[in-house]
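Novice: To start, I am sharing the structure in question, which I have written as structure tokens.
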There are 2 protein chains.
Amino acid sequence: GILSAILRLLHPDRPLAGRSALVTAGPTHEPIDPVRYIANRSSGTQGYAIAAALAAAGADVTLVSGPTTLPDPAGMRTVRVETAHDMLEACRAALPCDIAVCTAAVADWHVAPAPQKIKKTAGAPPPVLQLAPNPDILATLSQPSPTRPGLVIGFAAETEHVVPHATAKRLRKGCDWIVANDVSPGTGIMGGTENEVCLIDATGCEHWPRLDKTQVARKLVARIATFLQTPHPNPE
Amino acid sequence: GILSAILRLLHPDRPLAGRSALVTAGPTHEPIDPVRYIANRSSGTQGYAIAAALAAAGADVTLVSGPTTLPDPAGMRTVRVETAHDMLEACRAALPCDIAVCTAAVADWHVAPAPQKIKKTAGAPPPVLQLAPNPDILATLSQPSPTRPGLVIGFAAETEHVVPHATAKRLRKGCDWIVANDVSPGTGIMGGTENEVCLIDATGCEHWPRLDKTQVARKLVARIATFLQTPHPNPE
């Protein structure tokens, strides 16, 4: 709008002034019973860094975070959730917004949780965990709708065939960009302080050097600001 | 031995001087694939508090800890492990010892882990996680053997029928004492700072009031010291 354009003219160091952003971060935990759950190795570091960089660039940020050991960042709203289902609800509540950056490592599946702790029974075979699909938050946010963010960015954590997997994921989910990285244990990326990513859009794939996660965040936010300043068929 | 008896006479405030103790704490993580794992809600707080109380009472303590957010406590050896299998190996390496306190919430089962991240495939049914039994660390340490600790204490985290379940667990595992508690979500115990436990031995069950976890630890260590000072058929 006009107000946000004026804000950006007045504050050239805050290119996202007047814009609103939703960032998801961290893992989700899917309960198996009252004490056990399925988790993943996402620390939330990259997502929190992107939320901080968006806020530093002037955006009004809502961070929807799965369970992490990171403190709530200053200068934004942080909503804590546990499961993929709860994360989707918190994202929906944050719409409409201009930018959505889905960094969370959302569990693809949940278990129908047992109401009491599953007991190990001598002689009985181990239980089988029957999984059921979770809601797909990135695909849901990417669907054409009056509240679709103008720019939806997904993340792809892969352990093999990173670029082809992530390129296919961009088309399948319907998001605008995918930030892809290799999270194989040998890379030290999952849980680490550095990241080495490819930025994939409709025109192809750009490989960034290995950078500190805060530098990856700033570089991504600079790209977001440039994109939003450029006229697009359906920018906002 | 004579040396440890002299140490205890010289330091009445350190009733476990000359004794060695093994404490397990925290959850275990059982990998599903390179990024996903099965976890549980154990924070390690109660086990770390018991390890600290044992060290304060003069014991030489080895803490074998699953993944927690707690720092390594001062005044003891801390061995960090991830899976139940690794925890058992670290416990075996700590034998012989006089006292074993198994507070860890060891996963009963593991998954045969996939070498690459399991992909969600459109149209395909969700994967089934086939579980396999983990080694039973408490039962293994409790087995009659020349290196069996003189006092083996297990923990039972229950969500229903706490005392009957824990009493049966003591007999099944072959340990000397069980500290039982109710970890139902409503109690706030798992992940919280307080605990309300029953101490179960061959003679019955003693219900302790709700206490700070450091107080539960000190009370348990006082019981351990009294037990070891009393002659038993097979004390050491």
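Letters A, B, ... go to the chains of the structure tokens in the order shown; residues in each chain start at 1; ligands are counted from 1 in the same order.
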Would you list which chain A residues are within 8 Å of chain B using only C-alpha atoms, as a PDB file with N, CA and C atoms, in the first residue's frame?
Specialist:
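Result went into out22.pdb, see below:
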```pdb
ATOM      1  N   PRO A  34       1.614 -40.731  26.158  1.00  0.00           N
ATOM      2  CA  PRO A  34       1.867 -39.524  26.971  1.00  0.00           C
ATOM      3  C   PRO A  34       3.352 -39.205  27.185  1.00  0.00           C
ATOM      4  N   VAL A  35       4.259 -40.165  27.007  1.00  0.00           N
ATOM      5  CA  VAL A  35       5.683 -39.866  27.260  1.00  0.00           C
ATOM      6  C   VAL A  35       6.565 -39.921  26.019  1.00  0.00           C
ATOM      7  N   ARG A  36       6.160 -40.661  25.006  1.00  0.00           N
ATOM      8  CA  ARG A  36       7.015 -40.822  23.826  1.00  0.00           C
ATOM      9  C   ARG A  36       6.513 -39.975  22.659  1.00  0.00           C
ATOM     10  N   TYR A  37       7.427 -39.597  21.771  1.00  0.00           N
ATOM     11  CA  TYR A  37       7.029 -38.847  20.584  1.00  0.00           C
ATOM     12  C   TYR A  37       8.055 -39.029  19.479  1.00  0.00           C
ATOM     13  N   ILE A  38       7.632 -38.706  18.273  1.00  0.00           N
ATOM     14  CA  ILE A  38       8.542 -38.687  17.130  1.00  0.00           C
ATOM     15  C   ILE A  38       9.009 -37.253  16.931  1.00  0.00           C
ATOM     16  N   ALA A  39      10.333 -37.091  16.819  1.00  0.00           N
ATOM     17  CA  ALA A  39      10.931 -35.765  16.688  1.00  0.00           C
ATOM     18  C   ALA A  39      11.855 -35.761  15.485  1.00  0.00           C
ATOM     19  N   ASN A  40      12.506 -34.637  15.253  1.00  0.00           N
ATOM     20  CA  ASN A  40      13.555 -34.593  14.240  1.00  0.00           C
ATOM     21  C   ASN A  40      14.632 -33.610  14.682  1.00  0.00           C
ATOM     22  N   ARG A  41      15.744 -33.619  13.962  1.00  0.00           N
ATOM     23  CA  ARG A  41      16.945 -32.939  14.439  1.00  0.00           C
ATOM     24  C   ARG A  41      16.984 -31.443  14.155  1.00  0.00           C
ATOM     25  N   SER A  42      15.889 -30.866  13.685  1.00  0.00           N
ATOM     26  CA  SER A  42      15.898 -29.421  13.439  1.00  0.00           C
ATOM     27  C   SER A  42      16.076 -28.668  14.751  1.00  0.00           C
ATOM     28  N   THR A  69      15.163 -25.211  21.924  1.00  0.00           N
ATOM     29  CA  THR A  69      15.787 -24.708  23.155  1.00  0.00           C
ATOM     30  C   THR A  69      16.145 -23.235  23.011  1.00  0.00           C
ATOM     31  N   ASP A 108       6.107 -35.353   8.531  1.00  0.00           N
ATOM     32  CA  ASP A 108       5.207 -35.743   7.445  1.00  0.00           C
ATOM     33  C   ASP A 108       4.050 -36.589   7.954  1.00  0.00           C
ATOM     34  N   TRP A 109       4.292 -37.267   9.092  1.00  0.00           N
ATOM     35  CA  TRP A 109       3.287 -38.213   9.593  1.00  0.00           C
ATOM     36  C   TRP A 109       3.097 -38.034  11.082  1.00  0.00           C
ATOM     37  N   GLN A 116      -2.680 -43.959  27.141  1.00  0.00           N
ATOM     38  CA  GLN A 116      -1.802 -44.288  28.269  1.00  0.00           C
ATOM     39  C   GLN A 116      -0.465 -44.754  27.718  1.00  0.00           C
ATOM     40  N   LYS A 117       0.552 -44.712  28.576  1.00  0.00           N
ATOM     41  CA  LYS A 117       1.890 -45.148  28.164  1.00  0.00           C
ATOM     42  C   LYS A 117       1.832 -46.592  27.683  1.00  0.00           C
ATOM     43  N   LYS A 120       5.585 -52.382  27.734  1.00  0.00           N
ATOM     44  CA  LYS A 120       6.307 -53.507  27.139  1.00  0.00           C
ATOM     45  C   LYS A 120       5.794 -54.770  27.824  1.00  0.00           C
ATOM     46  N   PRO A 126       6.749 -56.558  19.643  1.00  0.00           N
ATOM     47  CA  PRO A 126       6.771 -55.098  19.796  1.00  0.00           C
ATOM     48  C   PRO A 126       5.609 -54.472  19.044  1.00  0.00           C
ATOM     49  N   PRO A 127       5.124 -53.336  19.519  1.00  0.00           N
ATOM     50  CA  PRO A 127       4.031 -52.686  18.805  1.00  0.00           C
ATOM     51  C   PRO A 127       4.498 -52.188  17.449  1.00  0.00           C
ATOM     52  N   VAL A 128       3.557 -52.005  16.566  1.00  0.00           N
ATOM     53  CA  VAL A 128       3.814 -51.424  15.251  1.00  0.00           C
ATOM     54  C   VAL A 128       3.229 -50.009  15.284  1.00  0.00           C
ATOM     55  N   LEU A 129       4.021 -49.039  14.866  1.00  0.00           N
ATOM     56  CA  LEU A 129       3.508 -47.677  14.823  1.00  0.00           C
ATOM     57  C   LEU A 129       2.940 -47.414  13.436  1.00  0.00           C
ATOM     58  N   GLN A 130       1.635 -47.316  13.374  1.00  0.00           N
ATOM     59  CA  GLN A 130       0.974 -47.017  12.107  1.00  0.00           C
ATOM     60  C   GLN A 130       0.907 -45.501  11.949  1.00  0.00           C
ATOM     61  N   LEU A 131       1.540 -44.997  10.912  1.00  0.00           N
ATOM     62  CA  LEU A 131       1.607 -43.555  10.712  1.00  0.00           C
ATOM     63  C   LEU A 131       0.459 -43.085   9.831  1.00  0.00           C
ATOM     64  N   ALA A 132       0.085 -41.845   9.994  1.00  0.00           N
ATOM     65  CA  ALA A 132      -0.955 -41.231   9.171  1.00  0.00           C
ATOM     66  C   ALA A 132      -0.432 -39.873   8.710  1.00  0.00           C
ATOM     67  N   PRO A 133      -0.825 -39.447   7.501  1.00  0.00           N
ATOM     68  CA  PRO A 133      -0.251 -38.196   6.963  1.00  0.00           C
ATOM     69  C   PRO A 133      -0.633 -36.979   7.801  1.00  0.00           C
ATOM     70  N   GLU A 158      17.428 -32.277   2.564  1.00  0.00           N
ATOM     71  CA  GLU A 158      17.611 -33.523   1.830  1.00  0.00           C
ATOM     72  C   GLU A 158      18.890 -34.218   2.309  1.00  0.00           C
ATOM     73  N   THR A 159      18.967 -35.517   2.065  1.00  0.00           N
ATOM     74  CA  THR A 159      20.230 -36.217   2.344  1.00  0.00           C
ATOM     75  C   THR A 159      20.835 -36.805   1.066  1.00  0.00           C
ATOM     76  N   GLU A 160      20.163 -36.658  -0.054  1.00  0.00           N
ATOM     77  CA  GLU A 160      20.704 -37.124  -1.338  1.00  0.00           C
ATOM     78  C   GLU A 160      19.936 -36.418  -2.457  1.00  0.00           C
ATOM     79  N   VAL A 183      21.373 -32.095   4.557  1.00  0.00           N
ATOM     80  CA  VAL A 183      21.468 -32.247   6.010  1.00  0.00           C
ATOM     81  C   VAL A 183      22.060 -33.600   6.397  1.00  0.00           C
ATOM     82  N   SER A 184      22.793 -34.228   5.483  1.00  0.00           N
ATOM     83  CA  SER A 184      23.443 -35.491   5.829  1.00  0.00           C
ATOM     84  C   SER A 184      24.288 -35.291   7.083  1.00  0.00           C
ATOM     85  N   PRO A 185      24.343 -36.317   7.965  1.00  0.00           N
ATOM     86  CA  PRO A 185      25.059 -36.157   9.234  1.00  0.00           C
ATOM     87  C   PRO A 185      26.484 -35.609   9.054  1.00  0.00           C
TER      88      PRO A 185
END
```
Novice: Using only C-alpha atoms, determine which residues lie at most 8 Å from B:Ser4, disregarding the query and same-chain residues fewer than 4 positions distant; provide the list as a PDB file with C-alpha atoms, in the first residue's frame.
Specialist:
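The new file around11.pdb reads:
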```pdb
ATOM      1  CA  ARG B   8      33.752 -42.230  55.979  1.00  0.00           C
ATOM      2  CA  ALA B  17      33.236 -41.451  50.446  1.00  0.00           C
ATOM      3  CA  GLY B  18      35.083 -44.333  48.815  1.00  0.00           C
ATOM      4  CA  ARG B  19      31.930 -45.603  47.069  1.00  0.00           C
TER       5      ARG B  19
END
```
Novice: Check stretch 83-230 of chain B with DSSP on the backbone and list each residue it calls helix (DSSP H, G or I), as a PDB file with N, CA and C atoms, in the first residue's frame.
Specialist:
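Okay, selection.pdb is ready:
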```pdb
ATOM      1  N   ALA B  84      19.679 -46.343  23.326  1.00  0.00           N
ATOM      2  CA  ALA B  84      19.701 -47.315  24.426  1.00  0.00           C
ATOM      3  C   ALA B  84      20.914 -48.238  24.297  1.00  0.00           C
ATOM      4  N   HIS B  85      21.214 -48.636  23.088  1.00  0.00           N
ATOM      5  CA  HIS B  85      22.351 -49.518  22.856  1.00  0.00           C
ATOM      6  C   HIS B  85      23.646 -48.868  23.346  1.00  0.00           C
ATOM      7  N   ASP B  86      23.848 -47.608  23.001  1.00  0.00           N
ATOM      8  CA  ASP B  86      25.058 -46.894  23.427  1.00  0.00           C
ATOM      9  C   ASP B  86      25.059 -46.672  24.934  1.00  0.00           C
ATOM     10  N   MET B  87      23.863 -46.453  25.507  1.00  0.00           N
ATOM     11  CA  MET B  87      23.795 -46.247  26.955  1.00  0.00           C
ATOM     12  C   MET B  87      24.233 -47.515  27.696  1.00  0.00           C
ATOM     13  N   LEU B  88      23.772 -48.669  27.206  1.00  0.00           N
ATOM     14  CA  LEU B  88      24.180 -49.925  27.852  1.00  0.00           C
ATOM     15  C   LEU B  88      25.698 -50.092  27.786  1.00  0.00           C
ATOM     16  N   GLU B  89      26.287 -49.802  26.624  1.00  0.00           N
ATOM     17  CA  GLU B  89      27.746 -49.951  26.500  1.00  0.00           C
ATOM     18  C   GLU B  89      28.468 -49.045  27.494  1.00  0.00           C
ATOM     19  N   ALA B  90      27.988 -47.800  27.620  1.00  0.00           N
ATOM     20  CA  ALA B  90      28.631 -46.845  28.541  1.00  0.00           C
ATOM     21  C   ALA B  90      28.462 -47.299  29.992  1.00  0.00           C
ATOM     22  N   CYS B  91      27.317 -47.927  30.303  1.00  0.00           N
ATOM     23  CA  CYS B  91      27.107 -48.440  31.667  1.00  0.00           C
ATOM     24  C   CYS B  91      28.060 -49.596  31.943  1.00  0.00           C
ATOM     25  N   ARG B  92      28.180 -50.506  30.987  1.00  0.00           N
ATOM     26  CA  ARG B  92      29.087 -51.646  31.166  1.00  0.00           C
ATOM     27  C   ARG B  92      30.503 -51.152  31.414  1.00  0.00           C
ATOM     28  N   ALA B  93      30.896 -50.094  30.700  1.00  0.00           N
ATOM     29  CA  ALA B  93      32.254 -49.570  30.849  1.00  0.00           C
ATOM     30  C   ALA B  93      32.460 -48.951  32.227  1.00  0.00           C
ATOM     31  N   ILE B 137      18.526 -52.112  30.133  1.00  0.00           N
ATOM     32  CA  ILE B 137      19.723 -51.727  30.905  1.00  0.00           C
ATOM     33  C   ILE B 137      19.544 -52.057  32.379  1.00  0.00           C
ATOM     34  N   LEU B 138      18.371 -51.745  32.938  1.00  0.00           N
ATOM     35  CA  LEU B 138      18.140 -52.008  34.360  1.00  0.00           C
ATOM     36  C   LEU B 138      18.213 -53.507  34.650  1.00  0.00           C
ATOM     37  N   ALA B 139      17.563 -54.314  33.806  1.00  0.00           N
ATOM     38  CA  ALA B 139      17.582 -55.769  34.021  1.00  0.00           C
ATOM     39  C   ALA B 139      18.994 -56.325  33.849  1.00  0.00           C
ATOM     40  N   THR B 140      19.731 -55.777  32.895  1.00  0.00           N
ATOM     41  CA  THR B 140      21.093 -56.255  32.657  1.00  0.00           C
ATOM     42  C   THR B 140      21.978 -55.953  33.867  1.00  0.00           C
ATOM     43  N   LEU B 141      21.894 -54.718  34.385  1.00  0.00           N
ATOM     44  CA  LEU B 141      22.724 -54.355  35.546  1.00  0.00           C
ATOM     45  C   LEU B 141      22.309 -55.128  36.793  1.00  0.00           C
ATOM     46  N   SER B 142      21.040 -55.577  36.838  1.00  0.00           N
ATOM     47  CA  SER B 142      20.526 -56.265  38.027  1.00  0.00           C
ATOM     48  C   SER B 142      20.842 -57.748  38.045  1.00  0.00           C
ATOM     49  N   VAL B 162       0.207 -46.776  39.352  1.00  0.00           N
ATOM     50  CA  VAL B 162       1.642 -46.545  39.574  1.00  0.00           C
ATOM     51  C   VAL B 162       2.265 -47.618  40.465  1.00  0.00           C
ATOM     52  N   VAL B 163       1.696 -47.856  41.650  1.00  0.00           N
ATOM     53  CA  VAL B 163       2.350 -48.763  42.593  1.00  0.00           C
ATOM     54  C   VAL B 163       2.321 -50.220  42.127  1.00  0.00           C
ATOM     55  N   PRO B 164       1.172 -50.746  41.684  1.00  0.00           N
ATOM     56  CA  PRO B 164       1.225 -52.136  41.191  1.00  0.00           C
ATOM     57  C   PRO B 164       2.153 -52.314  39.999  1.00  0.00           C
ATOM     58  N   HIS B 165       2.144 -51.382  39.065  1.00  0.00           N
ATOM     59  CA  HIS B 165       3.050 -51.492  37.914  1.00  0.00           C
ATOM     60  C   HIS B 165       4.503 -51.481  38.373  1.00  0.00           C
ATOM     61  N   ALA B 166       4.826 -50.580  39.292  1.00  0.00           N
ATOM     62  CA  ALA B 166       6.225 -50.425  39.708  1.00  0.00           C
ATOM     63  C   ALA B 166       6.672 -51.600  40.579  1.00  0.00           C
ATOM     64  N   THR B 167       5.758 -52.122  41.410  1.00  0.00           N
ATOM     65  CA  THR B 167       6.092 -53.288  42.234  1.00  0.00           C
ATOM     66  C   THR B 167       6.401 -54.489  41.339  1.00  0.00           C
ATOM     67  N   ALA B 168       5.583 -54.676  40.314  1.00  0.00           N
ATOM     68  CA  ALA B 168       5.836 -55.763  39.362  1.00  0.00           C
ATOM     69  C   ALA B 168       7.147 -55.530  38.612  1.00  0.00           C
ATOM     70  N   LYS B 169       7.428 -54.271  38.303  1.00  0.00           N
ATOM     71  CA  LYS B 169       8.656 -53.967  37.563  1.00  0.00           C
ATOM     72  C   LYS B 169       9.890 -54.327  38.392  1.00  0.00           C
ATOM     73  N   ARG B 170       9.847 -54.070  39.694  1.00  0.00           N
ATOM     74  CA  ARG B 170      10.990 -54.393  40.566  1.00  0.00           C
ATOM     75  C   ARG B 170      11.325 -55.888  40.498  1.00  0.00           C
ATOM     76  N   LEU B 171      10.288 -56.702  40.556  1.00  0.00           N
ATOM     77  CA  LEU B 171      10.512 -58.157  40.519  1.00  0.00           C
ATOM     78  C   LEU B 171      10.984 -58.602  39.141  1.00  0.00           C
ATOM     79  N   ARG B 172      10.388 -58.039  38.111  1.00  0.00           N
ATOM     80  CA  ARG B 172      10.714 -58.452  36.748  1.00  0.00           C
ATOM     81  C   ARG B 172      12.150 -58.086  36.396  1.00  0.00           C
ATOM     82  N   LYS B 173      12.583 -56.905  36.843  1.00  0.00           N
ATOM     83  CA  LYS B 173      13.929 -56.435  36.486  1.00  0.00           C
ATOM     84  C   LYS B 173      15.002 -57.046  37.384  1.00  0.00           C
ATOM     85  N   PRO B 185       0.469 -36.191  32.026  1.00  0.00           N
ATOM     86  CA  PRO B 185       0.668 -34.785  31.670  1.00  0.00           C
ATOM     87  C   PRO B 185       0.155 -33.805  32.725  1.00  0.00           C
ATOM     88  N   GLY B 186      -0.962 -34.123  33.373  1.00  0.00           N
ATOM     89  CA  GLY B 186      -1.538 -33.203  34.349  1.00  0.00           C
ATOM     90  C   GLY B 186      -0.681 -32.961  35.578  1.00  0.00           C
ATOM     91  N   THR B 187       0.289 -33.875  35.864  1.00  0.00           N
ATOM     92  CA  THR B 187       1.069 -33.740  37.093  1.00  0.00           C
ATOM     93  C   THR B 187       2.176 -32.692  36.967  1.00  0.00           C
ATOM     94  N   LYS B 213      12.884 -31.693  43.032  1.00  0.00           N
ATOM     95  CA  LYS B 213      13.666 -32.855  42.596  1.00  0.00           C
ATOM     96  C   LYS B 213      15.027 -32.943  43.301  1.00  0.00           C
ATOM     97  N   THR B 214      15.596 -31.794  43.708  1.00  0.00           N
ATOM     98  CA  THR B 214      16.864 -31.849  44.457  1.00  0.00           C
ATOM     99  C   THR B 214      16.622 -32.434  45.854  1.00  0.00           C
ATOM    100  N   GLN B 215      15.449 -32.168  46.434  1.00  0.00           N
ATOM    101  CA  GLN B 215      15.144 -32.755  47.756  1.00  0.00           C
ATOM    102  C   GLN B 215      14.891 -34.261  47.641  1.00  0.00           C
ATOM    103  N   VAL B 216      14.196 -34.673  46.588  1.00  0.00           N
ATOM    104  CA  VAL B 216      14.006 -36.116  46.353  1.00  0.00           C
ATOM    105  C   VAL B 216      15.380 -36.780  46.241  1.00  0.00           C
ATOM    106  N   ALA B 217      16.300 -36.126  45.517  1.00  0.00           N
ATOM    107  CA  ALA B 217      17.637 -36.689  45.327  1.00  0.00           C
ATOM    108  C   ALA B 217      18.365 -36.839  46.667  1.00  0.00           C
ATOM    109  N   ARG B 218      18.305 -35.797  47.505  1.00  0.00           N
ATOM    110  CA  ARG B 218      19.020 -35.862  48.795  1.00  0.00           C
ATOM    111  C   ARG B 218      18.426 -36.927  49.698  1.00  0.00           C
ATOM    112  N   LYS B 219      17.108 -37.033  49.689  1.00  0.00           N
ATOM    113  CA  LYS B 219      16.424 -38.034  50.523  1.00  0.00           C
ATOM    114  C   LYS B 219      16.802 -39.443  50.056  1.00  0.00           C
ATOM    115  N   LEU B 220      16.858 -39.640  48.746  1.00  0.00           N
ATOM    116  CA  LEU B 220      17.226 -40.956  48.215  1.00  0.00           C
ATOM    117  C   LEU B 220      18.675 -41.291  48.568  1.00  0.00           C
ATOM    118  N   VAL B 221      19.555 -40.309  48.458  1.00  0.00           N
ATOM    119  CA  VAL B 221      20.970 -40.550  48.761  1.00  0.00           C
ATOM    120  C   VAL B 221      21.156 -40.841  50.247  1.00  0.00           C
ATOM    121  N   ALA B 222      20.379 -40.197  51.104  1.00  0.00           N
ATOM    122  CA  ALA B 222      20.432 -40.512  52.543  1.00  0.00           C
ATOM    123  C   ALA B 222      20.017 -41.964  52.774  1.00  0.00           C
ATOM    124  N   ARG B 223      18.993 -42.430  52.049  1.00  0.00           N
ATOM    125  CA  ARG B 223      18.565 -43.830  52.168  1.00  0.00           C
ATOM    126  C   ARG B 223      19.656 -44.783  51.672  1.00  0.00           C
ATOM    127  N   ILE B 224      20.295 -44.400  50.588  1.00  0.00           N
ATOM    128  CA  ILE B 224      21.373 -45.233  50.037  1.00  0.00           C
ATOM    129  C   ILE B 224      22.504 -45.353  51.058  1.00  0.00           C
ATOM    130  N   ALA B 225      22.879 -44.227  51.670  1.00  0.00           N
ATOM    131  CA  ALA B 225      23.983 -44.244  52.650  1.00  0.00           C
ATOM    132  C   ALA B 225      23.628 -45.130  53.837  1.00  0.00           C
ATOM    133  N   THR B 226      22.398 -45.006  54.332  1.00  0.00           N
ATOM    134  CA  THR B 226      21.957 -45.848  55.465  1.00  0.00           C
ATOM    135  C   THR B 226      22.005 -47.321  55.082  1.00  0.00           C
ATOM    136  N   PHE B 227      21.511 -47.616  53.889  1.00  0.00           N
ATOM    137  CA  PHE B 227      21.491 -49.011  53.430  1.00  0.00           C
ATOM    138  C   PHE B 227      22.903 -49.583  53.384  1.00  0.00           C
ATOM    139  N   LEU B 228      23.841 -48.818  52.839  1.00  0.00           N
ATOM    140  CA  LEU B 228      25.202 -49.337  52.668  1.00  0.00           C
ATOM    141  C   LEU B 228      25.939 -49.439  54.002  1.00  0.00           C
ATOM    142  N   GLN B 229      25.490 -48.663  55.016  1.00  0.00           N
ATOM    143  CA  GLN B 229      26.122 -48.750  56.335  1.00  0.00           C
ATOM    144  C   GLN B 229      25.585 -49.915  57.159  1.00  0.00           C
TER     145      GLN B 229
END
```
Novice: If I take atom CA of B:Leu9 and atom CA of B:Thr103, how far is one from the other in Å, to one decimal?
Specialist: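 The value is 29.7 Å.
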Novice: Would you mind writing down, as JSON, numbers by chain, each residue of stretch 23-209 of chain B that DSSP on the backbone assigns to strand (DSSP E or B)?
Specialist: {"B": [23, 24, 25, 27, 30, 31, 36, 37, 38, 39, 40, 60, 61, 62, 63, 64, 65, 77, 78, 79, 80, 99, 100, 101, 102, 105, 109, 110, 111, 128, 129, 130, 131, 132, 133, 151, 152, 153, 154, 155, 156, 157, 158, 177, 178, 179, 180, 181, 182, 194, 195, 197, 198, 199, 200, 201, 204, 205, 206, 207]}
Novice: Using only C-alpha atoms, which residues sit within 9 Å of B:Trp208 once same-chain residues fewer than 4 positions away are excluded, as a ChimeraX atom specification?
Specialist: /B:196-199,216
Novice: Write the residues you've just listed into a file as a PDB file, in the first residue's frame, and include N, CA, C and O atoms for each of them.
Specialist:
```pdb
ATOM      1  N   GLU B 196       6.933 -36.409  42.851  1.00  0.00           N
ATOM      2  CA  GLU B 196       6.201 -37.046  43.944  1.00  0.00           C
ATOM      3  C   GLU B 196       6.353 -38.539  43.713  1.00  0.00           C
ATOM      4  O   GLU B 196       5.820 -39.069  42.728  1.00  0.00           O
ATOM      5  N   VAL B 197       7.104 -39.205  44.577  1.00  0.00           N
ATOM      6  CA  VAL B 197       7.513 -40.578  44.292  1.00  0.00           C
ATOM      7  C   VAL B 197       7.116 -41.532  45.409  1.00  0.00           C
ATOM      8  O   VAL B 197       6.836 -41.120  46.537  1.00  0.00           O
ATOM      9  N   CYS B 198       7.105 -42.819  45.050  1.00  0.00           N
ATOM     10  CA  CYS B 198       7.025 -43.911  46.015  1.00  0.00           C
ATOM     11  C   CYS B 198       8.344 -44.669  45.923  1.00  0.00           C
ATOM     12  O   CYS B 198       8.824 -44.943  44.820  1.00  0.00           O
ATOM     13  N   LEU B 199       8.911 -45.015  47.068  1.00  0.00           N
ATOM     14  CA  LEU B 199      10.111 -45.856  47.096  1.00  0.00           C
ATOM     15  C   LEU B 199       9.666 -47.281  47.414  1.00  0.00           C
ATOM     16  O   LEU B 199       9.075 -47.527  48.472  1.00  0.00           O
ATOM     17  N   VAL B 216      14.196 -34.673  46.588  1.00  0.00           N
ATOM     18  CA  VAL B 216      14.006 -36.116  46.353  1.00  0.00           C
ATOM     19  C   VAL B 216      15.380 -36.780  46.241  1.00  0.00           C
ATOM     20  O   VAL B 216      15.620 -37.846  46.809  1.00  0.00           O
TER      21      VAL B 216
END
```
Novice: When you look at B:Thr24 with a cut-off of 6 Å (counting only C-alpha atoms), what residues show up, excluding the ones that are within fewer than 2 positions of it in the same chain? I need them as a PyMOL selection string.
Specialist: chain B and resi 63-65+102-104
Novice: Can those selected residues be exported to a file as a PDB file, in the first residue's frame so that it contains N, CA and C atoms?
Specialist:
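again13.pdb written:
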```
ATOM      1  N   LEU B  63      28.089 -40.310  35.379  1.00  0.00           N
ATOM      2  CA  LEU B  63      26.741 -40.002  34.871  1.00  0.00           C
ATOM      3  C   LEU B  63      26.704 -40.358  33.389  1.00  0.00           C
ATOM      4  N   VAL B  64      25.847 -41.317  33.041  1.00  0.00           N
ATOM      5  CA  VAL B  64      25.658 -41.680  31.636  1.00  0.00           C
ATOM      6  C   VAL B  64      24.344 -41.035  31.207  1.00  0.00           C
ATOM      7  N   SER B  65      24.448 -40.037  30.334  1.00  0.00           N
ATOM      8  CA  SER B  65      23.280 -39.211  30.019  1.00  0.00           C
ATOM      9  C   SER B  65      22.882 -39.320  28.564  1.00  0.00           C
ATOM     10  N   CYS B 102      19.311 -46.045  37.977  1.00  0.00           N
ATOM     11  CA  CYS B 102      18.890 -45.981  36.571  1.00  0.00           C
ATOM     12  C   CYS B 102      17.655 -45.100  36.453  1.00  0.00           C
ATOM     13  N   THR B 103      17.879 -43.799  36.268  1.00  0.00           N
ATOM     14  CA  THR B 103      16.749 -42.871  36.127  1.00  0.00           C
ATOM     15  C   THR B 103      16.392 -42.642  34.670  1.00  0.00           C
ATOM     16  N   ALA B 104      17.269 -43.036  33.745  1.00  0.00           N
ATOM     17  CA  ALA B 104      17.034 -42.708  32.330  1.00  0.00           C
ATOM     18  C   ALA B 104      15.717 -43.304  31.855  1.00  0.00           C
TER      19      ALA B 104
END
```
Novice: Excluding B:Ile153 and any residue of its chain fewer than 3 positions from it, enumerate the residues within 8 Å of it, using only C-alpha atoms, and give them as a compact mmCIF listing (two decimals) with N, CA, C and O atoms, in the first residue's frame.
Specialist:
```txt
# COMPACT_ATOMS: atom_id res chain seq x y z
N ILE B 99 26.99 -48.66 43.48
CA ILE B 99 25.59 -48.20 43.41
C ILE B 99 25.26 -47.90 41.95
O ILE B 99 26.05 -47.24 41.27
N ALA B 100 24.11 -48.38 41.50
CA ALA B 100 23.63 -47.98 40.16
C ALA B 100 22.23 -47.40 40.32
O ALA B 100 21.36 -48.04 40.93
N VAL B 101 22.03 -46.20 39.82
CA VAL B 101 20.71 -45.57 39.87
C VAL B 101 20.29 -45.28 38.43
O VAL B 101 20.86 -44.44 37.74
N CYS B 102 19.31 -46.04 37.98
CA CYS B 102 18.89 -45.98 36.57
C CYS B 102 17.66 -45.10 36.45
O CYS B 102 16.52 -45.58 36.54
N CYS B 175 15.95 -55.64 40.21
CA CYS B 175 16.67 -54.58 40.93
C CYS B 175 16.23 -54.57 42.39
O CYS B 175 15.30 -55.27 42.79
N ASP B 176 16.94 -53.78 43.21
CA ASP B 176 16.68 -53.79 44.65
C ASP B 176 15.55 -52.82 45.02
O ASP B 176 14.67 -53.18 45.79
N TRP B 177 15.62 -51.63 44.49
CA TRP B 177 14.58 -50.63 44.77
C TRP B 177 14.04 -50.09 43.45
O TRP B 177 14.74 -50.06 42.43
N ILE B 178 12.79 -49.64 43.52
CA ILE B 178 12.20 -48.88 42.42
C ILE B 178 11.67 -47.56 42.98
O ILE B 178 11.00 -47.54 44.01
N VAL B 179 12.03 -46.48 42.33
CA VAL B 179 11.43 -45.19 42.62
C VAL B 179 10.36 -44.96 41.55
O VAL B 179 10.68 -44.89 40.36
```
Novice: So which one's closest to B:Ile189, B:Thr203, B:Gln46, B:His161, B:Pro231? Using only C-alpha atoms, please.
Specialist: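 Nearest candidate to B:Ile189 out of B:Thr203, B:Gln46, B:His161, B:Pro231: B:Gln46.
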